[in-house]
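> Here it is, the structure, as structure tokens.
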Amino acid sequence: MQPASSMVPPPMAAAPQYQQQWMPQQPQQAQPAYQVPPPQQSGYYYQQPPPQGGAPPPQQQQQSQCTASAAQPTSADEIRTLWIGDLQFWMDEQYLYNCFAQTGEVVSAKVIRNKQTQQSEGYGFIEFNSHAAAERNLQAYNGTLMPNIEQNFRLNWASLGSGEKRSDNGPEYTIFVGDLAADVTDYMLQETFRANYSSVKGAKIVTDRATGHTKGYGFVRFGDESEQLRAMTEMNGKFCSTRPMRIGPAANKKSAGGQMQG
DNA sequence: TGTGAGCGC
């Protein structure tokens, strides 16, 4: 049980000049020397079994080996890339790749950098070999601890790079949630509310950009205003993880539903 | 206690 030295963040060192994209030298390599332990399946109560009846199990479902002329995404179903945010400055392409390498489904990893300073912009993209693989990794890793740092993966579908994403249906109504414990993740907060309110669209824990540590508060977005209002009273004081939540109205600076007046 | 922000040349 020795931590791989290549995964340890450098104390302070100038970042070397990396390529814009990183991928393994051999795509069908048996097993890389570096291995990342799988994410801790803590078995949260909000984990739900995969839906059955319709979708085949995500096993070795070999799609057609898209070799050359089949690389034209015609719809959003073909998206195979995930967006990853809240990256530290030392998290390079190889670090990201190693995070998902044990699944054997990652194709490439990329950190977006400033062209002049080569410093990380704090986000990147992970490309997988199929849409199903990307979705599996999104579900498995999002909200779990990243290697060698007390910070959670913040993953999402890469939407803006591949054309139009399916537009949201209608306005959103956001609430502020404070007094959150340090281990509360986006997904945990979202599912805590979704268990009671079907119109929950998502949740966001606010983290410090420099350290990636939570600031102890976040936001939950609803699609239905009545559920937003109900949640503000019904969920106030309810426990999420180890602490009771304190809920208040969100001071939306962007287009909210209709709660702003004057 | 406290009111985010994140899409690639």
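Quick note on naming: the chains in the structure tokens go A, B, ... in the order shown, residues restart at 1 in each chain, and ligands are numbered from 1 in order of appearance.
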Give me the residues near region 90-96 of chain A as a VMD selection string, where near means some atom within 6 Å (using only C-alpha atoms (C1' of nucleotides)) and where sequence neighbours in that chain fewer than 5 positions away do not count.

chain A and resid 22 109 to 111

> Just want the 9 Å neighbourhood of DG4 (chain B), counted on only C-alpha atoms (C1' of nucleotides), with same-chain residues fewer than 4 positions away dropped. Output as a ChimeraX atom specification.

/A:204-207,218-219

> Tell me, as a short mmCIF file (atom, residue, chain, number, x, y, z; two decimals) with N, CA, C and O atoms, in the first residue's frame, which residues lie within 12 Å of Ile149 (chain A), counting only C-alpha atoms (C1' of nucleotides); anything in the same chain fewer than 2 positions away does not count.


```cif
data_model
loop_
_atom_site.label_atom_id
_atom_site.label_comp_id
_atom_site.auth_asym_id
_atom_site.auth_seq_id
_atom_site.Cartn_x
_atom_site.Cartn_y
_atom_site.Cartn_z
N MET A 7 1.38 10.37 -8.23
CA MET A 7 0.06 10.94 -7.96
C MET A 7 0.11 11.97 -6.86
O MET A 7 -0.88 12.61 -6.55
N VAL A 8 1.24 12.13 -6.25
CA VAL A 8 1.34 13.07 -5.15
C VAL A 8 1.51 14.48 -5.69
O VAL A 8 2.34 14.70 -6.58
N PRO A 9 0.71 15.38 -5.22
CA PRO A 9 0.86 16.75 -5.71
C PRO A 9 2.22 17.32 -5.33
O PRO A 9 2.68 17.11 -4.21
N LEU A 87 -10.62 22.07 -10.56
CA LEU A 87 -9.30 21.43 -10.59
C LEU A 87 -8.26 22.30 -9.91
O LEU A 87 -8.28 23.52 -10.01
N GLN A 88 -7.34 21.63 -9.23
CA GLN A 88 -6.20 22.32 -8.64
C GLN A 88 -5.14 22.59 -9.70
O GLN A 88 -5.16 21.98 -10.78
N TRP A 90 -2.13 21.79 -9.80
CA TRP A 90 -1.19 20.68 -10.05
C TRP A 90 -1.86 19.50 -10.72
O TRP A 90 -1.20 18.52 -11.05
N MET A 91 -3.12 19.57 -10.93
CA MET A 91 -3.83 18.45 -11.57
C MET A 91 -3.64 18.54 -13.09
O MET A 91 -4.29 19.33 -13.76
N TYR A 95 -2.86 13.17 -14.37
CA TYR A 95 -3.61 12.96 -13.14
C TYR A 95 -5.07 12.64 -13.45
O TYR A 95 -5.65 11.70 -12.91
N THR A 144 -17.49 11.89 -5.53
CA THR A 144 -16.59 11.08 -4.72
C THR A 144 -15.24 11.78 -4.57
O THR A 144 -14.95 12.74 -5.28
N LEU A 145 -14.46 11.28 -3.66
CA LEU A 145 -13.18 11.92 -3.38
C LEU A 145 -12.19 11.72 -4.52
O LEU A 145 -12.06 10.63 -5.05
N MET A 146 -11.51 12.77 -4.86
CA MET A 146 -10.43 12.68 -5.83
C MET A 146 -9.19 12.11 -5.13
O MET A 146 -9.04 12.24 -3.92
N PRO A 147 -8.29 11.49 -5.89
CA PRO A 147 -7.10 10.90 -5.28
C PRO A 147 -6.17 11.96 -4.68
O PRO A 147 -5.95 13.01 -5.29
N GLN A 151 -11.03 16.48 -1.78
CA GLN A 151 -11.88 17.26 -2.67
C GLN A 151 -12.67 16.30 -3.54
O GLN A 151 -12.17 15.26 -3.96
N ASN A 152 -13.89 16.68 -3.81
CA ASN A 152 -14.76 15.79 -4.57
C ASN A 152 -14.69 16.08 -6.06
O ASN A 152 -14.48 17.22 -6.47
N PHE A 153 -14.90 15.03 -6.82
CA PHE A 153 -15.04 15.22 -8.27
C PHE A 153 -16.26 16.08 -8.56
O PHE A 153 -17.34 15.87 -8.01
N THR A 211 -8.77 26.17 -2.83
CA THR A 211 -8.54 24.95 -2.07
C THR A 211 -9.51 23.84 -2.45
O THR A 211 -9.25 22.68 -2.13
N GLY A 212 -10.60 24.17 -3.10
CA GLY A 212 -11.58 23.16 -3.43
C GLY A 212 -12.41 22.72 -2.23
O GLY A 212 -13.21 21.81 -2.33
N HIS A 213 -12.22 23.40 -1.13
CA HIS A 213 -12.95 23.03 0.07
C HIS A 213 -14.31 23.71 0.09
O HIS A 213 -14.47 24.82 -0.43
#
```

> Between CA of Tyr173 (chain A) and CA of Asp224 (chain A), what is the distance, to one decimal in Å?

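These atoms are spaced 6.9 Å apart.
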
> Would you list, as number ranges by chain, the residues of region 57-248 of chain A that end up in alpha helix (DSSP H) under DSSP run on this structure's backbone?

A: 93-101, 131-141, 186-194, 225-234

> Would you list which chain B residues are within 7 Å of chain A using only C-alpha atoms (C1' of nucleotides), as number ranges by chain?

B: 2-4, 6-8

> Need to verify the contact set: Glu227 (chain A), 10 Å, only C-alpha atoms (C1' of nucleotides), exclusion of same-chain residues closer than 4 positions in sequence. Can you return it as number ranges by chain?

A: 173, 196-200, 222-223, 231-232, 234

> Let's see if you can do this: from backbone DSSP, list all strand (DSSP E or B) residues in region 134-232 of chain A, as a PyMOL selection string.

chain A and resi 145+152+154-157+173-178+200-207+214-222

> Can you write just those residues out, N, CA, C and O atoms, as a CSV table (one decimal), in the first residue's frame?


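Result went into selection.csv, see below:
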```
chain,number,residue,atom,x,y,z
A,145,LEU,N,-14.5,11.3,-3.7
A,145,LEU,CA,-13.2,11.9,-3.4
A,145,LEU,C,-12.2,11.7,-4.5
A,145,LEU,O,-12.1,10.6,-5.1
A,152,ASN,N,-13.9,16.7,-3.8
A,152,ASN,CA,-14.8,15.8,-4.6
A,152,ASN,C,-14.7,16.1,-6.1
A,152,ASN,O,-14.5,17.2,-6.5
A,154,ARG,N,-16.1,17.1,-9.4
A,154,ARG,CA,-17.2,17.8,-9.9
A,154,ARG,C,-17.3,17.6,-11.4
A,154,ARG,O,-16.5,18.2,-12.2
A,155,LEU,N,-18.2,16.7,-11.8
A,155,LEU,CA,-18.3,16.2,-13.2
A,155,LEU,C,-19.6,16.6,-13.7
A,155,LEU,O,-20.6,16.8,-13.0
A,156,ASN,N,-19.6,16.8,-15.0
A,156,ASN,CA,-20.9,17.1,-15.7
A,156,ASN,C,-20.7,16.7,-17.2
A,156,ASN,O,-19.6,16.6,-17.7
A,157,TRP,N,-21.8,16.7,-17.9
A,157,TRP,CA,-21.7,16.5,-19.3
A,157,TRP,C,-21.1,17.7,-20.0
A,157,TRP,O,-21.4,18.8,-19.7
A,173,TYR,N,-36.2,27.9,-10.0
A,173,TYR,CA,-36.4,28.6,-8.7
A,173,TYR,C,-35.4,28.0,-7.7
A,173,TYR,O,-35.4,26.8,-7.5
A,174,THR,N,-34.6,28.9,-7.2
A,174,THR,CA,-33.4,28.5,-6.5
A,174,THR,C,-33.6,28.9,-5.0
A,174,THR,O,-34.1,29.9,-4.7
A,175,ILE,N,-33.1,28.0,-4.1
A,175,ILE,CA,-33.1,28.3,-2.7
A,175,ILE,C,-31.7,28.2,-2.2
A,175,ILE,O,-30.8,27.6,-2.8
A,176,PHE,N,-31.4,28.9,-1.2
A,176,PHE,CA,-30.1,28.9,-0.5
A,176,PHE,C,-30.1,27.9,0.6
A,176,PHE,O,-31.1,27.9,1.4
A,177,VAL,N,-29.1,27.1,0.7
A,177,VAL,CA,-29.0,26.1,1.8
A,177,VAL,C,-27.7,26.3,2.5
A,177,VAL,O,-26.6,26.2,1.9
A,178,GLY,N,-27.8,26.6,3.8
A,178,GLY,CA,-26.6,26.9,4.6
A,178,GLY,C,-26.4,25.8,5.7
A,178,GLY,O,-27.2,24.9,5.8
A,200,VAL,N,-36.9,19.0,-8.7
A,200,VAL,CA,-35.5,19.4,-8.4
A,200,VAL,C,-34.7,19.2,-9.7
A,200,VAL,O,-34.7,18.1,-10.2
A,201,LYS,N,-34.0,20.2,-10.1
A,201,LYS,CA,-33.2,20.2,-11.3
A,201,LYS,C,-31.7,19.9,-11.0
A,201,LYS,O,-31.0,19.4,-11.8
A,202,GLY,N,-31.3,20.4,-9.8
A,202,GLY,CA,-29.9,20.2,-9.5
A,202,GLY,C,-29.5,20.9,-8.3
A,202,GLY,O,-30.3,21.7,-7.7
A,203,ALA,N,-28.3,20.7,-7.8
A,203,ALA,CA,-27.8,21.4,-6.6
A,203,ALA,C,-26.3,21.7,-6.8
A,203,ALA,O,-25.6,21.0,-7.6
A,204,LYS,N,-25.9,22.7,-6.1
A,204,LYS,CA,-24.5,23.1,-6.3
A,204,LYS,C,-23.9,23.5,-4.9
A,204,LYS,O,-24.4,24.4,-4.3
A,205,ILE,N,-22.9,22.8,-4.5
A,205,ILE,CA,-22.2,23.2,-3.3
A,205,ILE,C,-21.1,24.2,-3.7
A,205,ILE,O,-20.4,24.1,-4.7
A,206,VAL,N,-21.1,25.3,-3.0
A,206,VAL,CA,-20.1,26.4,-3.3
A,206,VAL,C,-18.8,26.0,-2.6
A,206,VAL,O,-18.7,25.7,-1.4
A,207,THR,N,-17.7,26.0,-3.4
A,207,THR,CA,-16.4,25.6,-2.9
A,207,THR,C,-15.4,26.8,-3.1
A,207,THR,O,-15.6,27.6,-4.0
A,214,THR,N,-15.3,23.0,0.7
A,214,THR,CA,-16.6,23.6,0.7
A,214,THR,C,-16.7,24.8,1.6
A,214,THR,O,-16.0,24.9,2.6
A,215,LYS,N,-17.6,25.7,1.2
A,215,LYS,CA,-17.8,26.9,2.0
A,215,LYS,C,-19.0,26.7,3.0
A,215,LYS,O,-19.3,27.6,3.7
A,216,GLY,N,-19.6,25.5,2.9
A,216,GLY,CA,-20.6,25.2,3.9
A,216,GLY,C,-22.0,25.7,3.4
A,216,GLY,O,-22.9,25.6,4.2
A,217,TYR,N,-22.1,26.1,2.2
A,217,TYR,CA,-23.5,26.4,1.7
A,217,TYR,C,-23.6,26.0,0.3
A,217,TYR,O,-22.6,25.8,-0.4
A,218,GLY,N,-24.8,26.1,-0.2
A,218,GLY,CA,-25.0,25.7,-1.6
A,218,GLY,C,-26.4,26.2,-2.1
A,218,GLY,O,-27.1,27.0,-1.4
A,219,PHE,N,-26.8,25.7,-3.2
A,219,PHE,CA,-28.1,26.1,-3.8
A,219,PHE,C,-28.8,24.9,-4.4
A,219,PHE,O,-28.1,23.9,-4.9
A,220,VAL,N,-30.1,24.9,-4.3
A,220,VAL,CA,-30.9,23.8,-5.0
A,220,VAL,C,-31.9,24.5,-5.9
A,220,VAL,O,-32.5,25.5,-5.6
A,221,ARG,N,-31.9,24.0,-7.1
A,221,ARG,CA,-32.8,24.6,-8.2
A,221,ARG,C,-34.0,23.7,-8.4
A,221,ARG,O,-33.9,22.5,-8.5
A,222,PHE,N,-35.1,24.3,-8.4
A,222,PHE,CA,-36.4,23.7,-8.6
A,222,PHE,C,-37.0,24.1,-10.0
A,222,PHE,O,-36.8,25.3,-10.4
```

> If you measure from CA of Asn98 (chain A) to CA of Ser120 (chain A), what distance in Å do you get, rounded to one decimal?

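The value is 17.5 Å.
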
> I'd like the interatomic distance between CA of Tyr141 (chain A) and CA of Met245 (chain A), to a tenth of an Å.

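Those two atoms sit 24.8 Å apart.
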